[in-house]
$ cat start_22.txt   # compact mmCIF, C-alpha atoms
# COMPACT_ATOMS: atom_id res chain seq x y z
CA MET A 264 154.21 150.18 103.23
CA THR A 265 157.48 150.97 101.46
CA ARG A 266 158.02 150.18 97.81
CA SER A 267 160.36 147.31 98.79
CA ASP A 268 157.60 145.78 100.92
CA ARG A 269 155.16 145.63 98.03
CA PRO A 270 154.61 142.53 95.91
CA SER A 271 156.46 142.42 92.60
CA GLU A 272 154.51 142.92 89.38
CA ASP A 273 154.45 139.15 88.79
CA ASP A 274 153.26 138.51 92.35
CA LEU A 275 150.68 141.28 92.01
CA VAL A 276 149.25 139.68 88.87
CA ALA A 277 149.23 136.22 90.43
CA ARG A 278 147.53 137.33 93.63
CA PHE A 279 144.99 139.89 92.48
CA PHE A 280 144.25 139.21 88.81
CA ARG A 281 144.89 135.55 87.99
CA PRO A 282 141.72 134.53 89.90
CA LEU A 283 139.77 136.72 87.44
CA ALA A 284 141.18 134.86 84.40
CA THR A 285 138.55 132.12 84.33
CA ALA A 286 138.37 131.55 80.56
CA THR A 287 140.52 128.90 78.92
CA GLY A 288 141.81 131.45 76.40
CA ALA A 289 143.21 133.59 79.21
CA LEU A 290 145.95 130.95 79.67
CA ALA A 291 145.97 131.72 83.40
CA LEU A 292 147.73 135.02 82.54
CA LEU A 293 150.95 133.07 82.04
CA ASP A 294 151.53 134.17 78.44
CA ASP A 295 152.04 137.52 76.71
CA CYS A 296 148.76 137.17 74.80
CA ALA A 297 145.37 135.51 75.13
CA ALA A 298 143.39 133.53 72.56
CA LEU A 299 139.71 134.27 71.93
CA THR A 300 137.48 132.38 69.50
CA PRO A 301 134.04 133.89 68.84
CA PRO A 302 131.04 131.56 68.92
CA PRO A 303 130.27 129.99 65.53
CA GLY A 304 128.33 132.35 63.28
CA HIS A 305 129.26 135.44 65.29
CA ASP A 306 131.44 138.52 64.84
CA LEU A 307 133.66 139.96 67.55
CA VAL A 308 132.74 143.42 68.86
CA LEU A 309 135.58 145.34 70.51
CA LYS A 310 135.57 148.47 72.67
CA THR A 311 138.15 150.37 74.73
CA ASP A 312 137.44 153.06 77.31
CA ALA A 313 139.69 154.51 79.99
CA ILE A 314 138.80 156.26 83.24
CA ALA A 315 141.14 158.41 85.32
CA ALA A 316 141.09 159.85 88.83
CA GLY A 317 140.07 163.50 88.84
CA ILE A 318 138.24 163.18 85.52
CA HIS A 319 135.83 160.23 85.73
CA PHE A 320 135.89 159.59 89.47
CA PHE A 321 137.21 161.18 92.65
CA ALA A 322 140.59 160.13 94.02
CA GLU A 323 138.96 159.22 97.34
CA ASP A 324 136.33 156.93 95.81
CA PRO A 325 136.46 153.28 96.96
CA TRP A 326 138.52 151.21 94.55
CA ASP A 327 135.95 148.43 94.31
CA LEU A 328 133.39 150.90 92.95
CA VAL A 329 135.98 152.46 90.64
CA ALA A 330 136.69 149.00 89.24
CA ARG A 331 133.01 148.37 88.66
CA LYS A 332 132.54 151.73 86.94
CA ALA A 333 135.52 151.08 84.65
CA LEU A 334 134.10 147.74 83.57
CA ARG A 335 130.52 148.96 83.28
CA VAL A 336 131.21 151.93 80.99
CA ASN A 337 132.73 149.47 78.52
CA VAL A 338 129.99 146.86 78.87
CA SER A 339 127.48 149.65 78.17
CA ASP A 340 128.94 150.02 74.67
CA LEU A 341 128.57 146.29 74.04
CA ALA A 342 124.93 146.48 75.09
CA ALA A 343 124.28 149.32 72.64
CA LYS A 344 125.69 147.17 69.82
CA GLY A 345 123.43 144.24 70.73
CA ALA A 346 126.49 142.23 71.77
CA ARG A 347 126.95 139.51 74.38
CA PRO A 348 130.06 140.06 76.55
CA LEU A 349 132.87 137.50 76.27
CA GLY A 350 136.00 138.84 77.93
CA TRP A 351 138.06 141.88 78.87
CA MET A 352 141.62 143.15 79.18
CA LEU A 353 143.01 145.66 81.68
CA SER A 354 145.77 148.24 81.52
CA LEU A 355 146.25 149.52 85.06
CA ALA A 356 148.35 152.55 86.07
CA LEU A 357 148.84 152.65 89.83
CA PRO A 358 149.63 155.83 91.80
CA GLU A 359 152.60 155.96 94.13
CA ASP A 360 150.50 155.57 97.28
CA TRP A 361 148.61 152.38 96.38
CA THR A 362 148.21 149.71 99.04
CA GLU A 363 147.48 146.00 98.98
CA ALA A 364 144.09 146.82 100.51
CA ASP A 365 143.39 149.03 97.50
CA LEU A 366 144.18 146.17 95.11
CA ASP A 367 142.11 143.76 97.18
CA ALA A 368 139.16 146.13 96.75
CA LEU A 369 139.88 146.61 93.04
CA ALA A 370 139.98 142.86 92.38
CA ARG A 371 136.83 142.35 94.45
CA GLY A 372 134.93 144.94 92.40
CA PHE A 373 136.08 143.40 89.12
CA ALA A 374 135.15 139.91 90.32
CA GLU A 375 131.64 140.97 91.31
CA ASP A 376 130.83 142.59 87.99
CA GLN A 377 132.59 140.18 85.64
CA ASP A 378 130.55 137.37 87.18
CA ALA A 379 127.35 139.40 86.77
CA PHE A 380 128.11 140.18 83.11
CA GLY A 381 129.48 136.77 82.10
CA LEU A 382 133.04 137.95 81.50
CA SER A 383 136.57 136.69 82.10
CA LEU A 384 139.77 138.70 82.37
CA LEU A 385 141.99 137.76 79.42
CA GLY A 386 145.12 139.78 80.12
CA GLY A 387 146.57 143.25 80.40
CA ASP A 388 149.42 145.28 81.85
CA THR A 389 150.31 147.08 85.07
CA ILE A 390 152.48 150.21 85.23
CA ARG A 391 153.26 153.07 87.59
CA SER A 392 151.24 156.30 87.23
CA PRO A 393 152.91 159.68 87.72
CA ASP A 394 149.64 161.03 89.07
CA GLY A 395 146.40 159.26 90.05
CA LEU A 396 144.81 155.89 89.35
CA ILE A 397 144.06 155.16 85.67
CA LEU A 398 142.23 152.12 84.31
CA SER A 399 141.93 151.35 80.61
CA ILE A 400 139.72 148.40 79.71
CA THR A 401 139.11 146.65 76.42
CA VAL A 402 136.01 144.47 76.21
CA PHE A 403 135.17 141.80 73.67
CA GLY A 404 131.65 140.77 72.76
CA ALA A 405 129.86 138.71 70.13
CA VAL A 406 126.94 139.41 67.81
CA PRO A 407 125.42 137.27 65.06
CA SER A 408 127.51 137.83 61.93
CA GLY A 409 126.73 141.07 60.13
CA ARG A 410 124.17 142.22 62.67
CA MET A 411 126.01 144.63 64.98
CA VAL A 412 123.77 147.64 65.68
CA ARG A 413 125.78 150.51 64.20
CA ARG A 414 125.74 154.21 64.97
CA ALA A 415 125.73 155.23 61.30
CA ALA A 416 122.53 153.51 60.15
CA ALA A 417 119.68 155.83 61.25
CA ARG A 418 117.17 156.81 58.54
CA PRO A 419 114.54 159.57 58.26
CA GLY A 420 111.33 158.52 59.96
CA ASP A 421 113.03 156.33 62.58
CA ARG A 422 111.74 156.82 66.12
CA LEU A 423 114.30 157.78 68.75
CA PHE A 424 114.25 155.91 72.05
CA VAL A 425 116.41 156.25 75.17
CA SER A 426 116.64 153.78 78.02
CA GLY A 427 116.39 154.53 81.73
CA THR A 428 116.51 158.13 82.91
CA LEU A 429 118.76 160.98 81.83
CA GLY A 430 120.81 163.52 83.76
CA ASP A 431 121.06 161.69 87.08
CA ALA A 432 124.83 161.22 86.92
CA ALA A 433 125.45 164.82 85.87
CA LEU A 434 123.28 166.10 88.71
CA GLY A 435 124.95 163.67 91.11
CA LEU A 436 128.34 165.09 90.19
CA LEU A 437 127.05 168.65 90.62
CA ALA A 438 125.61 167.82 94.04
CA ARG A 439 128.90 166.25 95.09
CA THR A 440 131.03 169.22 94.06
CA GLU A 441 128.56 171.77 95.52
CA VAL A 442 127.57 170.23 98.83
CA ASP A 443 124.57 172.52 99.44
CA ARG A 444 122.98 171.81 96.06
CA ALA A 445 120.89 168.78 97.07
CA ALA A 446 119.46 170.71 100.01
CA ARG A 447 118.60 173.64 97.72
CA TRP A 448 116.75 171.22 95.47
CA GLY A 449 114.83 169.88 98.45
CA LEU A 450 115.90 166.29 97.83
CA ALA A 451 115.17 163.53 100.30
CA PRO A 452 118.27 161.56 101.38
CA ALA A 453 117.27 158.63 99.17
CA GLU A 454 116.98 160.94 96.14
CA ALA A 455 120.39 162.48 96.80
CA ASP A 456 121.88 159.00 97.20
CA HIS A 457 120.28 157.95 93.91
CA LEU A 458 121.99 160.78 92.03
CA ALA A 459 125.35 160.13 93.67
CA ARG A 460 125.23 156.43 92.88
CA ARG A 461 124.23 157.00 89.26
CA TYR A 462 127.45 158.99 88.81
CA LEU A 463 129.66 156.47 90.53
CA LEU A 464 128.06 153.24 89.34
CA PRO A 465 126.33 153.23 85.92
CA GLU A 466 123.98 150.42 84.93
CA PRO A 467 124.76 148.79 81.55
CA ARG A 468 121.52 147.90 79.76
CA LEU A 469 122.58 144.43 78.64
CA PRO A 470 119.04 143.00 78.93
CA LEU A 471 118.04 145.42 76.15
CA ALA A 472 120.54 143.91 73.65
CA PRO A 473 118.12 141.32 72.16
CA ALA A 474 115.47 143.98 71.48
CA LEU A 475 118.10 146.18 69.84
CA LEU A 476 119.25 143.31 67.63
CA ALA A 477 115.70 142.44 66.67
CA HIS A 478 114.27 145.89 66.05
CA ALA A 479 116.74 148.83 66.12
CA ARG A 480 118.32 150.26 63.01
CA ALA A 481 121.00 152.28 64.86
CA GLY A 482 122.21 152.50 68.42
CA MET A 483 124.91 153.88 70.72
CA ASP A 484 125.48 154.38 74.41
CA LEU A 485 125.16 157.85 75.92
CA SER A 486 128.46 158.64 77.58
CA ASP A 487 128.94 162.33 76.76
CA GLY A 488 125.35 163.57 76.97
CA LEU A 489 122.28 163.09 74.78
CA GLY A 490 122.80 166.38 72.95
CA LEU A 491 126.34 165.60 71.84
CA ASP A 492 125.83 161.89 71.21
CA LEU A 493 122.62 162.34 69.23
CA GLY A 494 124.48 164.82 67.04
CA ARG A 495 127.18 162.20 66.50
CA MET A 496 124.61 159.61 65.43
CA CYS A 497 123.04 162.08 63.03
CA ARG A 498 126.33 163.12 61.44
CA ALA A 499 127.48 159.52 61.08
CA SER A 500 124.15 158.62 59.44
CA GLY A 501 123.88 161.74 57.26
CA VAL A 502 120.56 162.76 58.83
CA GLY A 503 119.09 165.16 61.40
CA ALA A 504 116.74 164.73 64.34
CA ARG A 505 113.86 166.31 66.19
CA LEU A 506 114.16 165.98 69.97
CA VAL A 507 111.01 166.44 72.08
CA VAL A 508 112.47 167.94 75.25
CA ASP A 509 109.48 167.39 77.53
CA ARG A 510 109.49 163.68 76.71
CA LEU A 511 112.94 163.10 78.19
CA PRO A 512 112.71 160.44 80.92
CA LEU A 513 113.69 161.84 84.31
CA SER A 514 113.96 160.35 87.77
CA ALA A 515 112.01 161.82 90.68
CA ALA A 516 115.24 163.38 91.95
CA ALA A 517 116.00 165.01 88.60
CA ARG A 518 112.45 166.34 88.33
CA ALA A 519 112.70 167.87 91.80
CA ALA A 520 116.00 169.55 90.94
CA LEU A 521 114.64 170.81 87.62
CA ALA A 522 111.56 172.28 89.31
CA VAL A 523 113.83 174.44 91.45
CA GLU A 524 116.38 175.26 88.73
CA PRO A 525 114.84 175.00 85.24
CA VAL A 526 118.21 175.90 83.70
CA LEU A 527 119.41 172.43 84.72
CA ILE A 528 117.72 171.03 81.62
CA GLU A 529 120.90 171.85 79.69
CA ARG A 530 123.00 169.90 82.19
CA ILE A 531 120.56 166.99 81.97
CA VAL A 532 120.83 166.92 78.18
CA GLY A 533 124.55 167.64 78.01
CA GLY A 534 126.17 166.59 81.28
CA GLY A 535 127.22 163.10 80.25
CA ASP A 536 127.87 159.92 82.27
CA ASP A 537 124.34 158.58 81.63
CA TYR A 538 125.51 155.30 80.04
CA GLU A 539 122.00 154.75 78.78
CA ILE A 540 121.21 153.59 75.23
CA LEU A 541 120.04 155.74 72.35
CA ALA A 542 118.29 153.76 69.61
CA ALA A 543 116.82 154.67 66.24
CA VAL A 544 113.98 152.27 65.46
CA PRO A 545 111.94 152.01 62.23
CA PRO A 546 108.38 153.21 62.87
CA GLU A 547 106.87 149.83 62.02
CA ALA A 548 109.09 148.19 64.67
CA SER A 549 108.70 150.76 67.44
CA GLU A 550 105.89 148.95 69.29
CA ALA A 551 107.75 145.64 69.14
CA PHE A 552 110.92 147.34 70.42
CA ALA A 553 109.06 148.91 73.33
CA ALA A 554 107.44 145.57 74.13
CA GLY A 555 110.81 143.80 73.99
CA ALA A 556 112.30 146.38 76.34
CA GLU A 557 109.42 145.95 78.78
CA ALA A 558 109.80 142.18 78.69
CA ALA A 559 113.53 142.65 79.44
CA GLY A 560 112.74 144.91 82.40
CA VAL A 561 114.32 148.01 80.86
CA ALA A 562 112.31 151.22 80.71
CA VAL A 563 112.50 153.06 77.38
CA ALA A 564 110.97 156.35 76.27
CA GLU A 565 110.34 157.67 72.78
CA VAL A 566 111.94 161.13 72.66
CA GLY A 567 111.86 162.16 69.01
CA ARG A 568 112.51 161.04 65.48
CA ILE A 569 115.11 161.09 62.75
CA GLU A 570 114.63 163.67 59.99
CA ALA A 571 116.24 164.23 56.60
CA GLU A 572 117.40 167.79 57.32
CA ALA A 573 120.78 167.95 59.05
CA GLY A 574 121.05 169.16 62.63
CA VAL A 575 119.17 168.48 65.85
CA ARG A 576 116.04 170.56 66.49
CA CYS A 577 114.54 170.78 69.98
CA VAL A 578 110.76 171.09 70.31
CA ASP A 579 108.06 170.64 72.92
CA ARG A 580 105.12 168.23 72.71
CA THR A 581 103.16 170.71 70.58
CA GLY A 582 105.98 171.03 68.07
CA GLU A 583 107.02 174.52 69.14
CA SER A 584 110.76 175.18 69.03
CA VAL A 585 112.65 175.13 72.32
CA ALA A 586 115.83 177.16 72.70
CA LEU A 587 118.28 174.70 74.19
CA ARG A 588 122.06 174.60 73.98
CA LEU A 589 122.96 171.03 73.11
CA GLY A 590 126.33 170.71 74.77
CA GLY A 591 128.13 167.64 76.04
CA PHE A 592 131.26 166.45 77.78
CA ARG A 593 134.50 166.87 75.82
CA HIS A 594 138.02 165.98 76.97
CA PHE A 595 139.63 168.53 74.67
$ encode --input "start_22.txt" --output "structure tokens"
Amino acid sequence: MTRSDRPSEDDLVARFFRPLATATGALALLDDCAALTPPPGHDLVLKTDAIAAGIHFFAEDPWDLVARKALRVNVSDLAAKGARPLGWMLSLALPEDWTEADLDALARGFAEDQDAFGLSLLGGDTIRSPDGLILSITVFGAVPSGRMVRRAAARPGDRLFVSGTLGDAALGLLARTEVDRAARWGLAPAEADHLARRYLLPEPRLPLAPALLAHARAGMDLSDGLGLDLGRMCRASGVGARLVVDRLPLSAAARAALAVEPVLIERIVGGGDDYEILAAVPPEASEAFAAGAEAAGVAVAEVGRIEAEAGVRCVDRTGESVALRLGGFRHF
């Protein structure tokens, strides 16, 4: 398809994105701006994240899954704040070789996940990319006024919980870039597929939001690795933490890989792309938080506690220090 054969920007918006603008405030994408009114008694929660080909996904990945990942990494942040999703906006930079089939797939992926998460597209922009595909999404959510679960609120004595399992996405990326790695780990096909999918398609823990609102003192999503993100929570809160390394929740695939290559523990802690939730919960509320998570169908594990002394210390179950480099993903 030549450039002259392609739909214009207005036609592109009308065909692929207007069907996603289901909310009244989206104004059918016919205006320069949208209007969004939070529910009575609620604050708006806003988050922007961008993903780019060659950094967050592979250029050959299916565009429907890329769309879903782009939306999910933003929804994950809303979940960590205890927020209910309301709407989203998209800035889309298209590479020179895009096709209408690509945009069909992109719109299909967005439609599937926005319906699942209770969202509507509210607006955005489309431009040409000098390189690969880039998607920047802003999501809007709502929390009861004054109750957003902040990163900077952890206190000494709080118990640290993480949702789901850690390291799967980082190991999935490693196995994809080094094609013999999964075989070296002795993974069954289903285990290898699990790791690959966790990298490509994270799972926002929205069902955990009510338990976070009810019981957590601080919370954030884990996008750059537990080691780096826990350090960020501690610095923001003016505290430190003790992390019990052998309590980290791992999938069967991650355990199998770790058994063959123990050094992978540093990639599990610092590889990033988990999009799980880290929560600091007062000790008197920890049982209620765990029960709320179980009722919501989200597995959580207690992995340490907040301490007064600055820094993150790694220990084993007996309290003995563990030498572990707490790295994480950094763009710069």
$ atom_distance --input "start_22.txt" --atom1 "atom CA of Leu353 of chain A" --atom2 "atom CA of Ser399 of chain A"
5.9 Å
$ residues_around --input "start_22.txt" --residues "Val523 of chain A" --least-positions-apart "4" --cutoff "12 Å" --atoms "all atoms listed in the file" --output "list of chain:residue names"
A:Arg444, A:Ala445, A:Ala446, A:Arg447, A:Trp448, A:Gly449, A:Leu450, A:Ala516, A:Ala517, A:Arg518, A:Ala519, A:Leu527, A:Ile528
$ residues_near_point --input "start_22.txt" --point "(114.4, 150.5, 78.2)" --cutoff "7 Å" --atoms "all atoms listed in the file" --output "list in words"
Val425, Ser426, Gly427, Leu471, Ala556, Glu557, Val561, Ala562 and Val563 of chain A
$ residues_around --input "start_22.txt" --residues "Pro546 of chain A" --least-positions-apart "4" --cutoff "7 Å" --atoms "all atoms listed in the file" --output "ChimeraX atom specification"
/A:420-422
$ closest_atom_pairs --input "start_22.txt" --of "segment 343-371 of chain A" --to "segment 288-306 of chain A" --cutoff "10 Å" --atoms "only C-alpha atoms" --output "Markdown table"
| residue | atom | partner | partner_atom | distance |
| --- | --- | --- | --- | --- |
| A:Ala346 | CA | A:Asp306 | CA | 9.3 |
| A:Leu349 | CA | A:Pro301 | CA | 8.3 |
| A:Gly350 | CA | A:Leu299 | CA | 8.4 |
| A:Trp351 | CA | A:Ala289 | CA | 9.8 |
| A:Met352 | CA | A:Ala297 | CA | 9.4 |
$ write_last_selection --input "start_22.txt" --atoms "C-alpha atoms" --output "compact mmCIF listing (two decimals), in the coordinates of the input"
# COMPACT_ATOMS: atom_id res chain seq x y z
CA ALA A 346 126.49 142.23 71.77
CA LEU A 349 132.87 137.50 76.27
CA GLY A 350 136.00 138.84 77.93
CA TRP A 351 138.06 141.88 78.87
CA MET A 352 141.62 143.15 79.18
